[in-house]
Amino acid sequence: MNKKKAISRLNPLFLKGIAHRGLHNDIYTENGLNAFNNALKHHVAIELDVHLTTDNRLIVCHDENLIRTTGKEGIIEDLSVEEIKNNYRLLDGGEVPTFQEVLDLIDEKVPIVVELKAYRKNHKPLAKQVLKELERIKDKKNIMLISFDPRALVKVRHKGYITSLLVTCNHEPDYEWIYHLRFLFDSLDLEDDMLLEKRVQRYHNRHLVNCWTIESKEQFEKDYPNCDTVTFQFIEPKYIQERLAQKQ
């Protein structure tokens, strides 16, 4: 999909910066309702991650293991929502949220980037459940679906949502073959170290590119001329929003 068409299918707020795992900090744990509330207050788009539980529901967390955000070991894909709710709390005291709880909180007030976290080859049921839980969305411009696993994205193509393939340069062999799949999806979501590559720049001339994860003003100033929007953390959102607005 060309850049102009892709942009026309997105909430314009996506192009003013995307808060990585919510607007988290030393007080609000990432991918928690407090971090998402903070993003709502700043009227910024949100990126989050979803995993599939044993009872076929979606939990919002970046890692498959809950230990980093709760202090307690537990693989999400080996647990039910009830087990997670009864036995785990985020470091800020909040519950580990379900995807439905996040959708209820945000209520399409800001758009969301949803990363499908495939695990143990569960890309098919994961994608199916994501689509099911998104049935309530009134405006599909408020949702972008991303994943490192192209198999998960294939299952959500042609459903009215913009899809974006995550690519990292940390795994060069994977990058080489995944890059050839770029035209299967609507855009690319790239690690910032890749932006100066000639083939990436050629792609960016005609297609939508997001860059991740921007963690300083210096990094942002280096990267933003070579992408259309950024996923950021630990930076004042107003700065990102104002700088990106100057590009439009």
# chains A, B, ... in the order shown; residues from 1 in each chain; ligands from 1
call {"tool": "select_by_dssp", "arguments": {"residues": "range 112-197 of chain A", "states": "alpha helix (DSSP H)", "output": "PyMOL selection string"}}
result
chain A and resi 123-133+150-154+172-179
call {"tool": "closest_atom_pairs", "arguments": {"of": "range 151-229 of chain A", "to": "range 41-56 of chain A", "cutoff": "12 Å", "atoms": "only C-alpha atoms", "output": "Markdown table"}}
result
| residue | atom | partner | partner_atom | distance |
| --- | --- | --- | --- | --- |
| A:Asp189 | CA | A:Glu47 | CA | 11.9 |
| A:Asn210 | CA | A:Glu47 | CA | 11.8 |
| A:Trp212 | CA | A:Glu47 | CA | 10.8 |
| A:Thr213 | CA | A:Glu47 | CA | 10.9 |
| A:Thr229 | CA | A:Ala45 | CA | 10.9 |
call {"tool": "select_by_dssp", "arguments": {"residues": "range 42-154 of chain A", "states": "strand (DSSP E)", "output": "list in words"}}
result
Ala45, Ile46, Glu47, Leu48, Asp49, Val50, His51, Leu52, Leu58, Ile59, Val60, Ile112, Val113, Val114, Glu115, Leu116, Ile143, Met144, Leu145, Ile146 and Ser147 of chain A
call {"tool": "residues_around", "arguments": {"residues": "Leu10 in chain A", "least_positions_apart": "4", "cutoff": "10 Å", "atoms": "only C-alpha atoms", "output": "list in words"}}
result
Lys5, Ala6, Phe14, Leu15, Pro111, Asp139, Lys140, Lys141, Asn142, Ile143, Met144, Tyr161 and Ile162 of chain A
call {"tool": "write_last_selection", "arguments": {"atoms": "N, CA and C atoms", "output": "mmCIF file, in the first residue's frame"}}
result
data_model
loop_
_atom_site.group_PDB
_atom_site.id
_atom_site.type_symbol
_atom_site.label_atom_id
_atom_site.label_comp_id
_atom_site.auth_asym_id
_atom_site.auth_seq_id
_atom_site.Cartn_x
_atom_site.Cartn_y
_atom_site.Cartn_z
ATOM 1 N N LYS A 5 -2.196 6.383 0.782
ATOM 2 C CA LYS A 5 -3.374 5.576 1.082
ATOM 3 C C LYS A 5 -3.332 5.052 2.508
ATOM 4 N N ALA A 6 -2.146 4.609 2.953
ATOM 5 C CA ALA A 6 -2.019 4.100 4.319
ATOM 6 C C ALA A 6 -2.354 5.188 5.332
ATOM 7 N N PHE A 14 -1.734 8.951 15.138
ATOM 8 C CA PHE A 14 -0.622 8.019 14.980
ATOM 9 C C PHE A 14 0.637 8.735 14.496
ATOM 10 N N LEU A 15 0.453 9.773 13.700
ATOM 11 C CA LEU A 15 1.586 10.470 13.092
ATOM 12 C C LEU A 15 2.175 11.538 14.005
ATOM 13 N N PRO A 111 -5.800 6.426 19.428
ATOM 14 C CA PRO A 111 -5.597 5.178 18.672
ATOM 15 C C PRO A 111 -4.579 4.267 19.350
ATOM 16 N N ASP A 139 -14.345 2.550 14.762
ATOM 17 C CA ASP A 139 -13.580 3.146 13.671
ATOM 18 C C ASP A 139 -12.241 2.426 13.557
ATOM 19 N N LYS A 140 -12.065 1.644 12.501
ATOM 20 C CA LYS A 140 -10.854 0.849 12.342
ATOM 21 C C LYS A 140 -9.610 1.706 12.105
ATOM 22 N N LYS A 141 -9.783 2.987 11.864
ATOM 23 C CA LYS A 141 -8.636 3.890 11.757
ATOM 24 C C LYS A 141 -7.916 4.039 13.099
ATOM 25 N N ASN A 142 -8.570 3.622 14.176
ATOM 26 C CA ASN A 142 -7.987 3.751 15.513
ATOM 27 C C ASN A 142 -7.102 2.585 15.910
ATOM 28 N N ILE A 143 -6.931 1.612 15.005
ATOM 29 C CA ILE A 143 -6.152 0.418 15.336
ATOM 30 C C ILE A 143 -5.128 0.143 14.247
ATOM 31 N N MET A 144 -3.891 -0.117 14.674
ATOM 32 C CA MET A 144 -2.860 -0.649 13.789
ATOM 33 C C MET A 144 -2.376 -1.961 14.396
ATOM 34 N N TYR A 161 -7.869 -3.218 9.008
ATOM 35 C CA TYR A 161 -6.871 -2.578 9.860
ATOM 36 C C TYR A 161 -5.545 -2.464 9.103
ATOM 37 N N ILE A 162 -4.824 -1.383 9.334
ATOM 38 C CA ILE A 162 -3.475 -1.264 8.801
ATOM 39 C C ILE A 162 -2.570 -2.275 9.508
#
call {"tool": "residues_around", "arguments": {"residues": "range 72-80 of chain A", "least_positions_apart": "5", "cutoff": "9 Å", "atoms": "only C-alpha atoms", "output": "short mmCIF file (atom, residue, chain, number, x, y, z; two decimals) with N, CA and C atoms, in the first residue's frame"}}
result
data_model
loop_
_atom_site.label_atom_id
_atom_site.label_comp_id
_atom_site.auth_asym_id
_atom_site.auth_seq_id
_atom_site.Cartn_x
_atom_site.Cartn_y
_atom_site.Cartn_z
N HIS A 51 -0.80 -11.17 24.60
CA HIS A 51 -0.49 -12.60 24.66
C HIS A 51 -1.78 -13.38 24.85
N LEU A 52 -1.77 -14.62 24.39
CA LEU A 52 -2.94 -15.49 24.50
C LEU A 52 -2.82 -16.40 25.71
N THR A 53 -3.86 -16.42 26.57
CA THR A 53 -3.87 -17.24 27.78
C THR A 53 -4.42 -18.63 27.49
N THR A 54 -4.36 -19.51 28.49
CA THR A 54 -4.88 -20.87 28.32
C THR A 54 -6.38 -20.89 28.11
N ASP A 55 -7.09 -19.88 28.60
CA ASP A 55 -8.55 -19.82 28.39
C ASP A 55 -8.91 -18.93 27.21
N ASN A 56 -7.94 -18.78 26.29
CA ASN A 56 -8.19 -18.12 25.01
C ASN A 56 -8.63 -16.67 25.15
N ARG A 57 -7.97 -15.96 26.06
CA ARG A 57 -8.20 -14.53 26.21
C ARG A 57 -6.87 -13.81 26.07
N ILE A 59 -4.04 -11.09 27.30
CA ILE A 59 -3.43 -10.34 28.40
C ILE A 59 -2.45 -9.34 27.80
N CYS A 61 0.84 -7.46 28.00
CA CYS A 61 2.17 -7.50 28.62
C CYS A 61 3.18 -7.65 27.50
N ASP A 63 6.52 -9.03 27.74
CA ASP A 63 7.21 -10.31 27.83
C ASP A 63 6.21 -11.45 28.03
N GLU A 64 6.59 -12.65 27.58
CA GLU A 64 5.74 -13.80 27.89
C GLU A 64 5.84 -14.16 29.36
N ASN A 65 6.97 -13.85 29.99
CA ASN A 65 7.17 -14.10 31.42
C ASN A 65 6.79 -12.84 32.20
N LEU A 66 5.98 -12.99 33.23
CA LEU A 66 5.48 -11.86 34.00
C LEU A 66 6.47 -11.29 35.01
N ILE A 67 7.63 -11.91 35.13
CA ILE A 67 8.51 -11.55 36.25
C ILE A 67 9.00 -10.10 36.20
N LYS A 85 -4.93 -12.86 37.42
CA LYS A 85 -5.57 -11.85 38.26
C LYS A 85 -5.43 -12.18 39.76
N ASN A 87 -3.01 -14.01 41.21
CA ASN A 87 -1.67 -14.28 41.73
C ASN A 87 -0.59 -13.27 41.33
N TYR A 88 -0.95 -12.29 40.54
CA TYR A 88 0.05 -11.34 40.06
C TYR A 88 -0.47 -9.91 40.17
N ARG A 89 0.44 -9.01 40.50
CA ARG A 89 0.16 -7.58 40.47
C ARG A 89 1.35 -6.88 39.83
N TYR A 119 3.72 -16.99 20.38
CA TYR A 119 4.56 -17.79 21.29
C TYR A 119 4.24 -19.26 21.06
N ARG A 120 5.27 -20.07 20.93
CA ARG A 120 5.10 -21.51 20.68
C ARG A 120 4.17 -21.77 19.48
#
call {"tool": "closest_residue", "arguments": {"among": "A:Leu91, A:Ala127, A:Leu134, A:Met1", "to": "Asp107 in chain A", "atoms": "only C-alpha atoms"}}
result
A:Leu134
call {"tool": "closest_residue", "arguments": {"among": "A:Cys169, A:Tyr28, A:Glu221, A:Val230", "to": "Val200 in chain A", "atoms": "only C-alpha atoms"}}
result
A:Cys169
call {"tool": "closest_residue", "arguments": {"among": "A:Leu195, A:Leu90, A:Leu40, A:Leu23", "to": "Glu108 in chain A", "atoms": "only C-alpha atoms"}}
result
A:Leu40
call {"tool": "residues_around", "arguments": {"residues": "Phe220 in chain A", "least_positions_apart": "6", "cutoff": "9 Å", "atoms": "only C-alpha atoms", "output": "number ranges by chain"}}
result
A: 214, 230, 232, 240
call {"tool": "closest_residue", "arguments": {"among": "A:Val156, A:Leu13, A:Leu103, A:Gln219", "to": "Glu242 in chain A", "atoms": "only C-alpha atoms"}}
result
A:Leu13
call {"tool": "closest_residue", "arguments": {"among": "A:Ala152, A:Ile84, A:Cys211, A:Leu58", "to": "Gln129 in chain A", "atoms": "only C-alpha atoms"}}
result
A:Leu58
call {"tool": "closest_residue", "arguments": {"among": "A:Glu82, A:Glu236, A:Asp149, A:Asp26", "to": "Ser164 in chain A", "atoms": "only C-alpha atoms"}}
result
A:Asp149
call {"tool": "residues_around", "arguments": {"residues": "Leu196 in chain A", "least_positions_apart": "3", "cutoff": "12 Å", "atoms": "only C-alpha atoms", "output": "PyMOL selection string"}}
result
chain A and resi 190-193+199-204+211+222-227
call {"tool": "write_last_selection", "arguments": {"atoms": "C-alpha atoms", "output": "PDB file, in the first residue's frame"}}
result
ATOM      1  CA  LEU A 190      11.703  -0.593  11.975  1.00  0.00           C
ATOM      2  CA  GLU A 191      14.426  -0.497  14.575  1.00  0.00           C
ATOM      3  CA  ASP A 192      16.003   2.936  14.321  1.00  0.00           C
ATOM      4  CA  ASP A 193      19.476   1.678  13.336  1.00  0.00           C
ATOM      5  CA  ARG A 199      16.779  -0.109   0.615  1.00  0.00           C
ATOM      6  CA  VAL A 200      14.889   1.189   3.655  1.00  0.00           C
ATOM      7  CA  GLN A 201      15.076   4.740   2.350  1.00  0.00           C
ATOM      8  CA  ARG A 202      13.767   3.596  -1.030  1.00  0.00           C
ATOM      9  CA  TYR A 203      10.870   1.878   0.722  1.00  0.00           C
ATOM     10  CA  HIS A 204      10.199   4.962   2.861  1.00  0.00           C
ATOM     11  CA  CYS A 211      10.642   3.851  13.944  1.00  0.00           C
ATOM     12  CA  LYS A 222      18.620  11.901  14.264  1.00  0.00           C
ATOM     13  CA  ASP A 223      15.840   9.565  13.185  1.00  0.00           C
ATOM     14  CA  TYR A 224      12.678  11.533  12.514  1.00  0.00           C
ATOM     15  CA  PRO A 225      13.649  12.841   9.028  1.00  0.00           C
ATOM     16  CA  ASN A 226      13.814   9.216   7.842  1.00  0.00           C
ATOM     17  CA  CYS A 227      10.436   7.952   9.087  1.00  0.00           C
TER      18      CYS A 227
END
call {"tool": "atom_distance", "arguments": {"atom1": "CA of Leu33 in chain A", "atom2": "CA of Glu133 in chain A"}}
result
17.7 Å
call {"tool": "decode", "arguments": {"residues": "range 106-120 of chain A", "atoms": "all heavy atoms", "output": "short mmCIF file (atom, residue, chain, number, x, y, z; two decimals), in the first residue's frame"}}
result
data_model
loop_
_atom_site.label_atom_id
_atom_site.label_comp_id
_atom_site.auth_asym_id
_atom_site.auth_seq_id
_atom_site.Cartn_x
_atom_site.Cartn_y
_atom_site.Cartn_z
N ILE A 106 -9.65 2.94 27.18
CA ILE A 106 -9.29 3.90 26.12
C ILE A 106 -10.51 4.35 25.33
O ILE A 106 -10.63 5.53 24.97
CB ILE A 106 -8.22 3.28 25.20
CG1 ILE A 106 -6.95 3.03 26.02
CG2 ILE A 106 -7.93 4.18 24.02
CD1 ILE A 106 -5.88 2.25 25.30
N ASP A 107 -11.42 3.42 25.06
CA ASP A 107 -12.70 3.75 24.42
C ASP A 107 -12.52 4.59 23.16
O ASP A 107 -13.28 5.53 22.90
CB ASP A 107 -13.60 4.47 25.43
CG ASP A 107 -15.06 4.52 24.98
OD1 ASP A 107 -15.48 3.63 24.22
OD2 ASP A 107 -15.76 5.48 25.37
N GLU A 108 -11.48 4.29 22.40
CA GLU A 108 -11.18 4.98 21.14
C GLU A 108 -10.94 6.48 21.29
O GLU A 108 -11.07 7.23 20.33
CB GLU A 108 -12.27 4.69 20.09
CG GLU A 108 -12.36 3.21 19.76
CD GLU A 108 -13.29 2.90 18.61
OE1 GLU A 108 -13.01 3.31 17.47
OE2 GLU A 108 -14.32 2.22 18.86
N LYS A 109 -10.58 6.90 22.49
CA LYS A 109 -10.22 8.32 22.69
C LYS A 109 -8.88 8.63 22.05
O LYS A 109 -8.62 9.77 21.65
CB LYS A 109 -10.19 8.66 24.18
CG LYS A 109 -11.53 8.52 24.89
CD LYS A 109 -11.39 8.92 26.36
CE LYS A 109 -12.71 8.74 27.11
NZ LYS A 109 -12.99 7.32 27.37
N VAL A 110 -8.00 7.64 22.01
CA VAL A 110 -6.74 7.73 21.28
C VAL A 110 -6.57 6.42 20.52
O VAL A 110 -7.13 5.39 20.90
CB VAL A 110 -5.52 7.97 22.21
CG1 VAL A 110 -5.67 9.28 22.97
CG2 VAL A 110 -5.31 6.81 23.17
N PRO A 111 -5.80 6.43 19.43
CA PRO A 111 -5.60 5.18 18.67
C PRO A 111 -4.58 4.27 19.35
O PRO A 111 -3.79 4.70 20.20
CB PRO A 111 -5.09 5.68 17.32
CG PRO A 111 -4.41 6.98 17.63
CD PRO A 111 -5.21 7.59 18.76
N ILE A 112 -4.61 2.99 18.96
CA ILE A 112 -3.77 1.96 19.59
C ILE A 112 -3.01 1.16 18.53
O ILE A 112 -3.60 0.72 17.54
CB ILE A 112 -4.60 0.98 20.41
CG1 ILE A 112 -5.55 1.68 21.36
CG2 ILE A 112 -3.70 0.02 21.18
CD1 ILE A 112 -6.50 0.73 22.07
N VAL A 113 -1.73 0.95 18.78
CA VAL A 113 -0.94 -0.02 18.03
C VAL A 113 -0.91 -1.30 18.86
O VAL A 113 -0.46 -1.29 20.00
CB VAL A 113 0.50 0.48 17.81
CG1 VAL A 113 1.33 -0.59 17.10
CG2 VAL A 113 0.51 1.77 17.00
N VAL A 114 -1.40 -2.38 18.27
CA VAL A 114 -1.48 -3.66 18.98
C VAL A 114 -0.43 -4.62 18.42
O VAL A 114 -0.50 -5.01 17.25
CB VAL A 114 -2.89 -4.29 18.83
CG1 VAL A 114 -2.96 -5.60 19.62
CG2 VAL A 114 -3.97 -3.32 19.27
N GLU A 115 0.54 -4.98 19.25
CA GLU A 115 1.55 -5.95 18.81
C GLU A 115 1.10 -7.36 19.19
O GLU A 115 0.86 -7.65 20.36
CB GLU A 115 2.92 -5.67 19.42
CG GLU A 115 3.95 -6.69 18.94
CD GLU A 115 5.36 -6.44 19.43
OE1 GLU A 115 5.64 -5.34 19.93
OE2 GLU A 115 6.19 -7.38 19.33
N LEU A 116 1.02 -8.23 18.19
CA LEU A 116 0.65 -9.62 18.40
C LEU A 116 1.91 -10.40 18.79
O LEU A 116 2.84 -10.53 17.99
CB LEU A 116 0.04 -10.22 17.15
CG LEU A 116 -1.43 -9.87 16.84
CD1 LEU A 116 -1.58 -8.39 16.48
CD2 LEU A 116 -1.97 -10.73 15.71
N LYS A 117 1.92 -10.89 20.03
CA LYS A 117 3.08 -11.60 20.55
C LYS A 117 2.87 -13.11 20.41
O LYS A 117 2.37 -13.78 21.32
CB LYS A 117 3.28 -11.24 22.03
CG LYS A 117 3.79 -9.83 22.25
CD LYS A 117 5.24 -9.72 21.79
CE LYS A 117 5.95 -8.59 22.48
NZ LYS A 117 7.36 -8.53 22.12
N ALA A 118 3.25 -13.63 19.26
CA ALA A 118 3.13 -15.07 19.03
C ALA A 118 4.13 -15.82 19.89
O ALA A 118 5.26 -15.37 20.11
CB ALA A 118 3.34 -15.38 17.56
N TYR A 119 3.72 -16.99 20.38
CA TYR A 119 4.56 -17.79 21.29
C TYR A 119 4.24 -19.26 21.06
O TYR A 119 3.06 -19.65 20.97
CB TYR A 119 4.27 -17.39 22.74
CG TYR A 119 5.13 -18.05 23.78
CD1 TYR A 119 6.49 -17.75 23.90
CD2 TYR A 119 4.60 -18.97 24.68
CE1 TYR A 119 7.29 -18.34 24.87
CE2 TYR A 119 5.39 -19.57 25.65
CZ TYR A 119 6.73 -19.25 25.74
OH TYR A 119 7.52 -19.85 26.70
N ARG A 120 5.27 -20.07 20.93
CA ARG A 120 5.10 -21.51 20.68
C ARG A 120 4.17 -21.77 19.48
O ARG A 120 3.26 -22.61 19.53
CB ARG A 120 4.54 -22.21 21.91
CG ARG A 120 5.48 -22.19 23.12
CD ARG A 120 4.79 -22.81 24.32
NE ARG A 120 5.60 -22.71 25.53
CZ ARG A 120 5.10 -22.80 26.76
NH1 ARG A 120 3.79 -23.00 26.94
NH2 ARG A 120 5.88 -22.70 27.81
#
